[in-house]
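K.L.:
Submitted below is the structure of interest, expressed as structure tokens.
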Amino acid sequence: MATTRAGLAATLPYKILADIALLARELEAHELSIRLSGQENLSVGLVVQHAATFSVAMETRKGPLSPNVEDLRSTAGLRTELDRRLARARQEAGERMEQWAGEQAGEYRSLLPPERCMREAPIAAVQEVCGACSGRMRVTCPGCSGAQRVTCGGCGGRGRVNCPQCGGARSVPCWSCGGRGSFEKIERELSYGDRQATMNQERQLVRQVPCTSCGASGRQSCSSCGDGTVTCNGCGGAREVNCPHCGASGTVRCGHCAATGAIHHAGWIRCAVSRGIRVDVTSPNAEDQQTFRERVSFDQIGALASSAVRLDRSERAGGQLTLYYTASVPLECAEATAGAQSVPIRAYGLRREIYNYHGLVGKLLEPDLASLEQSLRGHSLVHSLFRGSAGSTLAGVMKRFLASEVNALIAEGATKSIEPHLATGTLIPEYIQRASAAVGRAAPRLYSPLVLPMAAWVTAGITALFWIVRTNFFRWTPNEKVVTLMAIAGVSWFAVEARVQSRLKAILGPAIYERMKGQFASTRNRYRLLPVAGFAFAWYATFLIFRLILHFRFGYPMTFWPQQ
């Protein structure tokens, strides 16, 4: 480094180094140098405008006025009184706002409470007879319209309902034959002709005898009804019942006045206060302007100032109170050199708050990303299949690339963890996009060379097992053969995946492998089609070889696909 850590203690360069150390890998001396380039105090002006607006609020309330509230007798009188109070509130607002400013405006973050802009006054009201019930406290029942009775809901006003015994069918199953219309009769002494006709040597015959109770119809007339209906129990056949809403009184309590016979209109003056703010920075630097207007919240400005924010003056015009504050914020500037790129960094306040690193971490890690992209261009998937190993160039480049915390977060897809670094400008979106794309291409390049050779051996082994089972295990059914070999293929593939996982941990190290686990999982899921393809290949290959032997040795007709 250009400056030793001991000399940087409690300085802006040391803070920058500490922030970068959490995100980047261990840097070498030539990769980053930082020097202070200037110090000054920024003059920051804060303009806070409080605007009070007044309006008349009215509402209708249930019941009579409270004894301690004056009745203004008429709605016109109420409006006149409210207009008078509104004018008085607007007239008094200025003096009361200035009084508040003298007490509280020393703190620039103070909010003007609406109640400080006007004097508290009792409500103004006028009482009226309830128009809904005309003071009678009860109104016509909406359920029966005052008729006291309503149509029976049980029978729909018909007075009768379907018979519960027969369900309206007017008949029920015959109790004697169970609804069959006949019953069995056993005759034990048969004539010679019956025995010959029925081949019954036990001298008995079962006959179906029509039921005499129902005339062989299987049903009898319902004894509970004559036409399939009975009198409704709800209304006793009267077709109407007492109204359940009013208890057959025809009226209900008036809800408009809460059954008091009176309502009152209440009015008062309502005040609302809005606050407008503006920040002015006496600096020609565009970053200073943007920082205080977009990146630093209004309430944080006081924490950056070297001393308390001071009230310069106040101005009032009607219901508007404008307060002018000034603050002095220390500014330190540093110049960081990452390779051949120079990055200016500005820190504000006594704690040296940095709001924009101008992509410094991305610039420091750019060589690692470029090396990974170059390595991927030189390692196609086919190249990786034949040259991938624990000592491959790509594996080494990946280990160096993922040694940085931000690159590991990108590999994990930890979007929420990356967002704060975007907000402070330590990374820029373009770098994240490039790094995500490179990691997405690198995972298959590392995974494929390890899994494909073993997949080929598994396919060869399953093919050999297919041939052994086909030519020796004649007692096994086709289903037993297929299920057994599928189980062997599945177990073999899980063993392959465990082996690949162990190899990847050895290549990258357990820590980096854990960060890349999500990328490898996506690649692994795609390669799980390989055992299916290998199983199908083994099945068809053994079938084809078997048919060729039968054709050339025994003269069987040649087929290229199993026949039904």
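Residue numbering restarts at 1 in every chain; chains get A, B, ... in the order shown in the structure tokens, and ligands count up from 1 in that same order.
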Near Val273 (chain A), counting only C-alpha atoms, which residues have an atom at most 7 Å away, once you skip same-chain residues fewer than 6 positions from it, shown as a PyMOL selection string?
P.N.:
chain A and resi 50-53+112+114
K.L.:
With only C-alpha atoms as the counted atoms, please give the residues lying no more than 12 Å from Ala21 (chain A), apart from itself and same-chain residues fewer than 2 positions off, as a PyMOL selection string.
P.N.:
chain A and resi 14-19+23-28+32+360-361+364+403-406+426
K.L.:
How far is it from CA of Ala147 (chain A) to CA of Gly250 (chain A), in Å with one decimal?
P.N.:
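A separation of 5.9 Å between them.
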